[in-house]
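Content type CSV, C-alpha atoms, from the file final-v3.csv:
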chain,number,residue,atom,x,y,z
A,1,MET,CA,13.8,24.0,-9.7
A,2,PRO,CA,10.3,25.4,-9.3
A,3,ASP,CA,9.8,29.2,-8.7
A,4,GLN,CA,9.4,29.4,-4.9
A,5,ARG,CA,7.0,32.3,-5.3
A,6,ASP,CA,4.8,31.0,-8.1
A,7,PRO,CA,1.3,29.9,-6.9
A,8,ALA,CA,0.2,28.7,-10.4
A,9,PRO,CA,-2.1,27.0,-11.1
A,10,TYR,CA,-3.9,28.5,-8.1
A,11,ASP,CA,-5.5,31.9,-8.4
A,12,ALA,CA,-6.9,32.1,-4.8
A,13,LEU,CA,-6.7,30.6,-1.4
A,14,LEU,CA,-9.8,29.7,0.6
A,15,LEU,CA,-9.7,29.6,4.4
A,16,LEU,CA,-12.3,27.1,5.3
A,17,SER,CA,-13.5,26.9,8.9
A,18,PHE,CA,-16.2,25.7,11.2
A,19,GLY,CA,-17.8,29.0,12.0
A,20,GLY,CA,-19.5,30.2,15.2
A,21,PRO,CA,-22.2,32.6,16.6
A,22,GLU,CA,-21.4,36.2,17.0
A,23,GLY,CA,-24.3,37.2,19.3
A,24,PRO,CA,-26.9,35.6,21.6
A,25,ASP,CA,-29.5,35.5,18.8
A,26,ASP,CA,-27.1,33.5,16.6
A,27,VAL,CA,-26.5,30.6,19.1
A,28,VAL,CA,-29.5,28.4,18.5
A,29,PRO,CA,-29.6,28.9,14.6
A,30,PHE,CA,-25.9,28.1,14.6
A,31,LEU,CA,-26.4,24.9,16.6
A,32,GLU,CA,-29.3,24.0,14.2
A,33,ASN,CA,-26.8,24.3,11.3
A,34,VAL,CA,-24.3,22.1,13.1
A,35,THR,CA,-26.8,19.4,14.0
A,36,ARG,CA,-29.0,19.5,10.9
A,37,GLY,CA,-30.6,16.2,10.1
A,38,ARG,CA,-30.2,14.8,13.7
A,39,GLY,CA,-33.7,15.8,14.9
A,40,ILE,CA,-32.4,17.5,18.1
A,41,PRO,CA,-35.2,19.6,19.7
A,42,LYS,CA,-34.7,23.4,20.0
A,43,GLU,CA,-35.0,23.3,23.8
A,44,ARG,CA,-32.0,20.8,23.9
A,45,LEU,CA,-30.0,23.1,21.7
A,46,LYS,CA,-30.7,26.0,24.1
A,47,GLU,CA,-29.2,23.8,26.8
A,48,VAL,CA,-26.2,23.0,24.7
A,49,GLY,CA,-25.8,26.7,23.9
A,50,GLN,CA,-25.2,27.6,27.5
A,51,HIS,CA,-21.5,27.4,26.8
A,52,TYR,CA,-21.9,30.2,24.3
A,53,PHE,CA,-24.3,32.3,26.4
A,54,LEU,CA,-21.6,32.3,29.2
A,55,PHE,CA,-19.5,34.4,26.8
A,56,GLY,CA,-22.2,36.7,25.5
A,57,GLY,CA,-23.3,34.3,22.8
A,58,VAL,CA,-20.1,34.9,20.9
A,59,SER,CA,-17.7,32.2,19.8
A,60,PRO,CA,-14.1,33.5,19.5
A,61,ILE,CA,-13.5,31.5,16.3
A,62,ASN,CA,-14.6,34.1,13.8
A,63,GLU,CA,-12.5,36.8,15.2
A,64,GLN,CA,-9.5,34.4,15.3
A,65,ASN,CA,-10.1,33.6,11.6
A,66,ARG,CA,-10.1,37.3,10.8
A,67,ALA,CA,-6.7,37.5,12.6
A,68,LEU,CA,-5.4,34.6,10.6
A,69,LEU,CA,-6.7,36.1,7.4
A,70,ASP,CA,-4.7,39.3,8.2
A,71,ALA,CA,-1.6,37.2,9.0
A,72,LEU,CA,-1.9,35.3,5.8
A,73,ARG,CA,-2.3,38.4,3.7
A,74,LYS,CA,0.6,40.1,5.4
A,75,ASP,CA,2.9,37.1,4.9
A,76,PHE,CA,1.8,36.7,1.3
A,77,ALA,CA,2.5,40.4,0.6
A,78,GLU,CA,6.0,40.2,2.2
A,79,HIS,CA,6.9,37.2,0.0
A,80,GLY,CA,5.7,38.3,-3.4
A,81,LEU,CA,2.3,36.7,-3.3
A,82,ASP,CA,0.2,39.8,-2.7
A,83,GLY,CA,-1.6,39.2,-6.0
A,84,LEU,CA,-3.1,36.0,-4.7
A,85,PRO,CA,-6.4,36.8,-2.9
A,86,VAL,CA,-7.4,35.1,0.3
A,87,TYR,CA,-11.1,34.4,0.9
A,88,TRP,CA,-12.9,33.0,4.0
A,89,GLY,CA,-15.9,30.7,4.2
A,90,ASN,CA,-17.5,28.7,7.0
A,91,ARG,CA,-19.3,25.4,7.2
A,92,ASN,CA,-21.9,26.5,9.8
A,93,TRP,CA,-22.1,30.3,9.9
A,94,ALA,CA,-21.6,33.4,8.0
A,95,PRO,CA,-19.6,33.9,5.8
A,96,TYR,CA,-21.1,30.6,4.5
A,97,LEU,CA,-18.9,28.4,2.3
A,98,VAL,CA,-21.4,28.4,-0.6
A,99,ASP,CA,-21.6,32.2,-0.6
A,100,THR,CA,-17.9,32.6,-0.6
A,101,LEU,CA,-17.5,30.1,-3.5
A,102,ARG,CA,-20.2,32.0,-5.3
A,103,GLU,CA,-18.2,35.2,-4.8
A,104,MET,CA,-15.0,33.6,-5.9
A,105,ALA,CA,-16.6,32.3,-9.1
A,106,ALA,CA,-18.0,35.7,-9.8
A,107,ASP,CA,-14.5,37.1,-9.3
A,108,GLY,CA,-13.2,34.7,-12.0
A,109,ARG,CA,-11.4,32.3,-9.7
A,110,ARG,CA,-11.0,29.0,-11.4
A,111,ARG,CA,-8.5,27.0,-9.4
A,112,ILE,CA,-8.6,27.3,-5.6
A,113,ALA,CA,-6.3,26.0,-2.9
A,114,VAL,CA,-8.2,25.3,0.4
A,115,LEU,CA,-6.8,25.5,3.9
A,116,ALA,CA,-9.1,23.8,6.5
A,117,THR,CA,-8.7,24.9,10.1
A,118,SER,CA,-8.3,21.3,11.1
A,119,ALA,CA,-4.8,19.8,11.1
A,120,TYR,CA,-5.5,16.1,11.5
A,121,ALA,CA,-7.2,13.2,9.6
A,122,SER,CA,-10.7,12.2,10.7
A,123,TYR,CA,-14.2,12.3,9.2
A,124,SER,CA,-15.2,15.5,11.1
A,125,GLY,CA,-11.7,17.1,10.6
A,126,CYS,CA,-11.3,16.3,6.9
A,127,ARG,CA,-13.9,14.4,4.9
A,128,GLN,CA,-16.8,16.4,6.3
A,129,TYR,CA,-15.1,19.6,5.0
A,130,ARG,CA,-14.7,17.9,1.7
A,131,GLU,CA,-18.4,16.9,1.7
A,132,ASN,CA,-19.3,20.5,2.4
A,133,LEU,CA,-17.2,21.7,-0.5
A,134,ALA,CA,-18.9,19.2,-2.9
A,135,GLU,CA,-22.3,20.3,-1.7
A,136,ALA,CA,-21.5,23.9,-2.3
A,137,LEU,CA,-20.0,23.2,-5.7
A,138,ALA,CA,-23.1,21.3,-6.6
A,139,THR,CA,-25.3,24.3,-5.6
A,140,LEU,CA,-23.3,26.6,-7.9
A,141,GLU,CA,-23.7,24.1,-10.7
A,142,ALA,CA,-27.4,23.9,-10.1
A,143,GLU,CA,-27.6,27.7,-10.3
A,144,GLY,CA,-25.9,27.6,-13.7
A,145,THR,CA,-22.5,28.7,-12.5
A,146,GLU,CA,-19.5,26.6,-13.6
A,147,PRO,CA,-17.9,25.6,-10.3
A,148,PRO,CA,-14.2,26.2,-9.8
A,149,ARG,CA,-11.8,23.4,-9.1
A,150,VAL,CA,-10.8,23.1,-5.4
A,151,ASP,CA,-7.7,21.4,-4.0
A,152,LYS,CA,-7.5,20.9,-0.2
A,153,LEU,CA,-4.0,21.4,1.1
A,154,ARG,CA,-2.5,18.5,3.0
A,155,HIS,CA,-2.7,17.9,6.7
A,156,TYR,CA,-0.2,20.1,8.5
A,157,PHE,CA,-0.2,18.6,12.0
A,158,ASN,CA,3.6,17.9,11.8
A,159,HIS,CA,4.7,21.0,9.9
A,160,PRO,CA,7.3,23.0,11.9
A,161,GLY,CA,5.3,26.1,11.5
A,162,PHE,CA,2.4,24.4,13.4
A,163,VAL,CA,4.5,22.5,15.9
A,164,ARG,CA,7.1,25.1,17.0
A,165,PRO,CA,4.6,27.7,18.2
A,166,MET,CA,3.0,25.0,20.5
A,167,VAL,CA,6.5,24.2,21.8
A,168,ASP,CA,7.0,27.8,22.8
A,169,GLY,CA,3.5,27.8,24.4
A,170,VAL,CA,4.4,24.9,26.6
A,171,LEU,CA,7.7,26.5,27.6
A,172,LYS,CA,5.9,29.7,28.5
A,173,SER,CA,3.3,27.8,30.6
A,174,LEU,CA,6.0,25.9,32.4
A,175,ALA,CA,7.8,29.1,33.2
A,176,GLU,CA,4.6,30.5,34.8
A,177,LEU,CA,4.4,27.6,37.3
A,178,ASP,CA,6.0,28.0,40.7
A,179,GLU,CA,9.5,26.7,40.7
A,180,GLY,CA,8.7,24.1,43.3
A,181,VAL,CA,6.3,22.3,41.0
A,182,ARG,CA,7.7,23.1,37.6
A,183,ALA,CA,10.1,20.2,37.2
A,184,GLY,CA,7.5,17.6,38.1
A,185,ALA,CA,4.8,19.1,35.9
A,186,HIS,CA,2.8,16.7,33.7
A,187,LEU,CA,1.9,17.6,30.1
A,188,ALA,CA,-1.6,16.7,29.2
A,189,PHE,CA,-1.9,16.9,25.4
A,190,THR,CA,-5.6,17.5,24.6
A,191,THR,CA,-7.7,17.1,21.4
A,192,HIS,CA,-11.3,16.7,20.5
A,193,SER,CA,-12.7,13.3,21.5
A,194,ILE,CA,-14.4,11.5,18.6
A,195,PRO,CA,-16.3,8.1,18.5
A,196,THR,CA,-13.8,5.3,18.6
A,197,ALA,CA,-15.3,3.8,15.4
A,198,SER,CA,-14.6,7.1,13.6
A,199,ALA,CA,-11.0,7.2,15.0
A,200,ASP,CA,-10.4,3.6,13.9
A,201,THR,CA,-11.3,4.4,10.3
A,202,SER,CA,-9.4,7.7,10.1
A,203,GLY,CA,-6.9,8.2,7.4
A,204,PRO,CA,-6.2,6.0,4.4
A,205,THR,CA,-7.4,2.4,4.6
A,206,GLY,CA,-3.8,1.2,5.3
A,207,GLU,CA,-3.8,3.3,8.5
A,208,HIS,CA,-7.1,2.0,9.8
A,209,GLY,CA,-7.0,0.1,13.1
A,210,ASP,CA,-6.8,1.0,16.8
A,211,GLY,CA,-7.2,4.8,16.8
A,212,GLY,CA,-6.3,5.0,13.1
A,213,ALA,CA,-4.5,8.0,11.8
A,214,TYR,CA,-6.3,10.4,14.1
A,215,VAL,CA,-4.6,9.0,17.3
A,216,ALA,CA,-1.3,8.2,15.6
A,217,GLU,CA,-0.9,11.8,14.3
A,218,HIS,CA,-1.7,13.3,17.7
A,219,LEU,CA,0.7,11.0,19.4
A,220,ASP,CA,3.4,12.0,17.0
A,221,VAL,CA,2.9,15.7,17.6
A,222,ALA,CA,2.8,15.1,21.4
A,223,ARG,CA,6.1,13.3,21.2
A,224,LEU,CA,7.6,16.1,19.1
A,225,ILE,CA,6.6,18.8,21.6
A,226,ALA,CA,7.6,16.8,24.7
A,227,GLU,CA,11.0,16.0,23.2
A,228,ALA,CA,11.6,19.7,22.1
A,229,VAL,CA,10.7,20.8,25.7
A,230,ARG,CA,13.2,18.2,27.1
A,231,GLU,CA,15.9,19.5,24.8
A,232,GLU,CA,15.4,23.1,25.9
A,233,THR,CA,14.8,22.6,29.6
A,234,GLY,CA,16.8,19.5,30.4
A,235,VAL,CA,13.6,18.0,32.0
A,236,ALA,CA,11.8,15.0,30.6
A,237,HIS,CA,8.2,15.8,31.6
A,238,PRO,CA,5.8,12.9,31.7
A,239,TRP,CA,3.0,13.3,29.3
A,240,GLN,CA,-0.2,11.7,28.0
A,241,LEU,CA,-2.7,12.2,25.1
A,242,VAL,CA,-6.1,12.9,26.5
A,243,TYR,CA,-9.5,14.1,25.2
A,244,GLN,CA,-12.1,16.7,25.6
A,245,SER,CA,-15.4,18.1,24.3
A,246,ARG,CA,-17.2,14.8,24.0
A,247,SER,CA,-20.8,14.9,22.7
A,248,GLY,CA,-23.3,12.4,21.5
A,249,ALA,CA,-25.1,9.4,23.0
A,250,PRO,CA,-23.6,8.1,26.2
A,251,HIS,CA,-23.7,4.4,25.0
A,252,THR,CA,-21.5,5.2,22.0
A,253,PRO,CA,-17.8,4.6,22.8
A,254,TRP,CA,-15.6,7.7,22.4
A,255,LEU,CA,-11.9,8.3,22.8
A,256,GLU,CA,-10.8,8.5,26.5
A,257,PRO,CA,-9.6,9.6,29.0
A,258,ASP,CA,-11.5,12.9,29.4
A,259,ILE,CA,-9.3,15.8,30.5
A,260,CYS,CA,-11.2,16.3,33.8
A,261,ASP,CA,-11.0,12.6,34.7
A,262,HIS,CA,-7.3,12.7,33.8
A,263,LEU,CA,-6.7,15.7,36.1
A,264,GLU,CA,-8.3,13.7,39.0
A,265,GLU,CA,-6.2,10.7,38.2
A,266,ARG,CA,-2.9,12.7,38.0
A,267,HIS,CA,-3.7,14.5,41.2
A,268,ALA,CA,-4.4,11.2,43.0
A,269,ALA,CA,-1.0,9.9,41.7
A,270,GLY,CA,0.7,12.9,43.3
A,271,VAL,CA,1.6,14.9,40.3
A,272,PRO,CA,2.4,18.5,41.5
A,273,ALA,CA,1.1,20.4,38.4
A,274,VAL,CA,-0.3,20.0,34.9
A,275,VAL,CA,0.1,21.9,31.7
A,276,MET,CA,-2.8,21.4,29.4
A,277,VAL,CA,-1.6,21.5,25.7
A,278,PRO,CA,-4.5,21.8,23.2
A,279,ILE,CA,-2.6,20.3,20.2
A,280,GLY,CA,-5.9,19.3,18.4
A,281,PHE,CA,-7.0,22.9,17.9
A,282,VAL,CA,-5.7,25.6,15.6
A,283,SER,CA,-7.1,28.5,17.7
A,284,ASP,CA,-8.6,29.3,21.1
A,285,HIS,CA,-12.2,28.7,20.1
A,286,MET,CA,-15.1,27.6,22.3
A,287,GLU,CA,-13.8,24.1,23.0
A,288,VAL,CA,-10.6,25.6,24.4
A,289,LEU,CA,-12.3,28.6,26.1
A,290,TYR,CA,-15.0,26.6,27.9
A,291,ASP,CA,-13.8,22.9,28.1
A,292,LEU,CA,-10.2,23.8,29.2
A,293,ASP,CA,-10.2,27.4,30.5
A,294,THR,CA,-13.5,27.1,32.3
A,295,GLU,CA,-14.4,23.5,33.1
A,296,ALA,CA,-11.0,21.8,33.4
A,297,THR,CA,-9.5,24.7,35.2
A,298,ALA,CA,-12.4,24.7,37.7
A,299,LYS,CA,-11.8,20.9,38.2
A,300,ALA,CA,-8.1,21.6,38.9
A,301,ALA,CA,-9.0,24.4,41.4
A,302,GLU,CA,-11.4,22.0,43.2
A,303,LEU,CA,-8.5,19.5,43.5
A,304,GLY,CA,-6.0,22.1,44.5
A,305,LEU,CA,-3.9,21.1,41.5
A,306,PRO,CA,-1.9,23.9,39.8
A,307,VAL,CA,-2.6,24.0,36.1
A,308,ARG,CA,-1.7,26.2,33.1
A,309,ARG,CA,-3.1,26.0,29.6
A,310,SER,CA,-0.6,26.6,26.8
A,311,ALA,CA,-1.5,28.7,23.7
A,312,THR,CA,-2.8,27.4,20.4
A,313,VAL,CA,-1.1,28.4,17.2
A,314,GLY,CA,-3.8,30.9,16.2
A,315,ALA,CA,-2.4,33.7,13.9
A,316,ASP,CA,1.2,33.1,14.7
A,317,PRO,CA,3.4,34.4,11.8
A,318,ARG,CA,5.2,31.0,11.7
A,319,PHE,CA,1.9,29.3,11.0
A,320,ALA,CA,1.0,31.9,8.3
A,321,ALA,CA,4.4,31.1,6.7
A,322,ALA,CA,3.7,27.4,6.9
A,323,VAL,CA,0.4,27.9,5.0
A,324,ARG,CA,2.4,29.8,2.3
A,325,GLU,CA,4.9,26.9,2.1
A,326,LEU,CA,2.1,24.4,1.8
A,327,LEU,CA,0.4,26.3,-0.9
A,328,LEU,CA,3.6,26.8,-3.0
A,329,GLU,CA,4.6,23.1,-2.4
A,330,ARG,CA,1.2,22.0,-3.7
A,331,ALA,CA,1.4,24.4,-6.6
A,332,ALA,CA,4.8,23.2,-7.7
A,333,THR,CA,3.6,19.6,-7.5
A,334,GLU,CA,0.6,20.4,-9.6
A,335,ARG,CA,3.0,21.9,-12.2
A,336,GLY,CA,4.9,18.6,-12.3
A,337,PHE,CA,7.8,19.3,-10.1
A,338,VAL,CA,9.1,17.0,-7.4
A,339,VAL,CA,9.5,19.1,-4.2
A,340,GLU,CA,10.8,18.5,-0.7
A,341,ARG,CA,7.9,18.3,1.7
A,342,CYS,CA,8.5,19.8,5.1
A,343,ALA,CA,7.4,17.5,8.0
A,344,LEU,CA,8.7,16.6,11.4
A,345,GLY,CA,8.4,13.3,13.3
A,346,ALA,CA,8.0,9.7,12.3
A,347,LEU,CA,4.9,9.9,10.0
A,348,GLY,CA,6.3,12.1,7.2
A,349,ALA,CA,4.3,14.5,5.0
A,350,SER,CA,0.6,13.7,4.5
A,351,HIS,CA,-1.0,12.9,1.1
A,352,ASP,CA,-2.2,15.7,-1.2
A,353,LEU,CA,-5.2,13.8,-2.5
A,354,CYS,CA,-7.4,11.9,-0.1
A,355,PRO,CA,-7.6,8.3,-1.4
A,356,VAL,CA,-10.8,6.2,-1.7
A,357,GLY,CA,-11.8,4.9,1.7
A,358,CYS,CA,-10.1,7.7,3.6
A,359,CYS,CA,-12.0,8.7,6.7
A,360,PRO,CA,-15.3,7.1,5.5
A,361,ALA,CA,-18.7,8.6,6.3
A,362,ARG,CA,-21.4,6.5,7.9
A,363,SER,CA,-23.7,7.5,5.0
A,364,PRO,CA,-21.7,8.0,1.8
A,365,LYS,CA,-21.9,11.5,0.3
A,366,PRO,CA,-20.0,13.1,-2.5
A,367,ALA,CA,-16.7,14.8,-1.4
A,368,ALA,CA,-14.5,17.2,-3.3
A,369,ALA,CA,-10.7,17.3,-3.3
A,370,GLY,CA,-10.2,13.5,-3.2
A,371,ALA,CA,-9.6,10.6,-5.5
A,372,ASP,CA,-13.3,9.9,-5.5
A,373,SER,CA,-14.3,13.5,-6.1
A,374,PRO,CA,-17.0,14.2,-8.8
A,375,TYR,CA,-15.2,17.6,-9.4
A,376,ALA,CA,-11.8,16.9,-11.0

Could you write out this file's structure as structure tokens?
Amino acid sequence: MPDQRDPAPYDALLLLSFGGPEGPDDVVPFLENVTRGRGIPKERLKEVGQHYFLFGGVSPINEQNRALLDALRKDFAEHGLDGLPVYWGNRNWAPYLVDTLREMAADGRRRIAVLATSAYASYSGCRQYRENLAEALATLEAEGTEPPRVDKLRHYFNHPGFVRPMVDGVLKSLAELDEGVRAGAHLAFTTHSIPTASADTSGPTGEHGDGGAYVAEHLDVARLIAEAVREETGVAHPWQLVYQSRSGAPHTPWLEPDICDHLEERHAAGVPAVVMVPIGFVSDHMEVLYDLDTEATAKAAELGLPVRRSATVGADPRFAAAVRELLLERAATERGFVVERCALGALGASHDLCPVGCCPARSPKPAAAGADSPYA
């Protein structure tokens, strides 16, 4: 049996996230980073940035990542892993990924496990992170620094430490509804809309098709939560997977229905209340804060429809424990052990190594931590 507290061969964990502005002056430069190469005018970016300006130009994601870092370090220390350092790097804002990897290399870190703050398979939720890793490693190599090896931890959408906190969030939101509408409340499970072409090619090639792995994984999590709520309340709440935060050209097909359209449709159907459940997001960042707490909640108020928004996982100690379990599971596998992989639902545990053809890019770029990685 593998030592359940041995992280070898890993000598560090990297928390890899999207990043966000931390003041009004950061908003447009941040959006320029996000949209680099698309030729979007600065004036248009200022319009898009209004969501951030409504909240003082500050995205909550960086503070939430700091809270998750604290939770991870606390959990690691409590379980004998306090010697394993945890670093943080972002794709689009400070601390930038390349700077963090440069720091890790200078600290002598040679084998790094990577946790991305995206739980599901898709180009933007997985392969793009891997492309950013490859780009940063190439930068270090060009500077004369031997790049460390990076291994991305598997998708954790169906890990109990990710699912159970969301179940508790739904139960709490239902309890906050008036008793007269609680039993008939509809559960709207929300995630980020993506182009249907991207969804259809998400996951390994064997899972490509209508919605691909992206939709299948979200549906599996929604079923898990709805069933757990039924078991604990005795009420089988109707539910549906819906989408939010669409962007891009209007003529490009994206996953639907949109949450605001869905609220209108449910209200017209006579649903007495809705709980919005953001299963596609690890923390309460801007897409949750604006698209659900502001825009969708305003739409519900306009309709006279009672709504609640349940909590994301954030820095819940159970999620921190899940990260530790994922790290130790992968470490034992790398040392040659066969280990039991913790996963709920019908889909089972995800792959460790993204295979060739998984979540393909429109324009192929090198990607780390996969079967086609130039950095083995």

Residue among A:Leu31, A:Val307, A:Leu241, A:Ile112 lying closest to Trp93 of chain A, counting only C-alpha atoms: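 Checking each candidate against Trp93 of chain A, we get A:Leu31 as the closest.
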
All residues 7 Å or closer to Arg127 of chain A, all atoms listed in the file, same chain fewer than 4 positions away omitted, as number ranges by chain: A: 122-123, 131, 359, 367

All residues 12 Å or closer to Thr333 of chain A, all atoms listed in the file, same chain fewer than 5 positions away omitted, as a PyMOL selection string: chain A and resi 1-4+6-10+151+153+326-328+338-341+351-353

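Each of A:Met166, A:Ala361, A:Ala134, A:Val323 was compared to Ala226 of chain A using all atoms listed in the file, and A:Met166 turns out to be the nearest.
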
For Arg5 of chain A, the nearest of the candidates A:Tyr156, A:Tyr52, A:Phe76, A:Tyr96, counting all atoms listed in the file: A:Phe76

Neighbour list for segment 200-202 of chain A as number ranges by chain, cut-off 12 Å, only C-alpha atoms, skip fewer than 6 positions in-chain: A: 120-127, 194, 208-217, 253-255, 354-362

Point-to-point distance from atom CA of Phe30 of chain A to atom CA of Val48 of chain A, Å rounded to tenths: 11.3 Å

Computed interatomic separation between atom CA of Gly348 of chain A and atom CA of Ala311 of chain A (Å):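 These atoms are spaced 24.7 Å apart.
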
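Proximity to Ala183 of chain A was assessed for A:Val274, A:Ala268, A:Ala138, A:Ala116 counting all atoms listed in the file; the smallest distance is recorded for A:Val274.
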
Residue nearest Glu141 of chain A among A:Arg154, A:His218, A:His159, A:Arg102 (counting only C-alpha atoms):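 Smallest distance to Glu141 of chain A is found for A:Arg102.
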
Atomic distance atom CA of Gly89 of chain A - atom CA of Leu14 of chain A, expressed in Å with one decimal: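 Spanning atom CA of Gly89 of chain A to atom CA of Leu14 of chain A is a straight-line distance of 7.2 Å.
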
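With all atoms listed in the file as the atoms that count, the minimum distance from Ile61 of chain A to the choices A:Ala315, A:Ala228, A:Ala188, A:Leu133 is reached by A:Ala315.
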
Given 3 Å of margin on each side, can you work out the centre and size in Å (one decimal) of an axis-aligned box holding every listed atom of segment 231-238 of chain A, as lines of an AutoDock Vina configuration file?
center_x = 11.3
center_y = 18.0
center_z = 28.4
size_x = 17.0
size_y = 16.2
size_z = 13.2

Residues within 12 Å of Glu302 of chain A, only C-alpha atoms, excluding chain neighbours under 5 positions, as a PyMOL selection string: chain A and resi 260+263-264+267+295-297+307

Spatial sel., origin (10.4, 23.1, 37.9), limit 12 Å, all atoms listed in the file, listed as a list of chain:residue names: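 In the file's frame, the residues around the point are A:Leu171, A:Ser173, A:Leu174, A:Ala175, A:Glu176, A:Leu177, A:Asp178, A:Glu179, A:Gly180, A:Val181, A:Arg182, A:Ala183, A:Gly184, A:Ala185, A:His186, A:Thr233, A:Gly234, A:Val235, A:Ala236, A:His237, A:Pro272, A:Ala273, A:Val274.
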
Polymer residues at most 10 Å from Pro147 of chain A, only C-alpha atoms, same-chain spacing of 4 or more positions, as a PyMOL selection string: chain A and resi 101-102+104-105+109-111+134+136-143+375
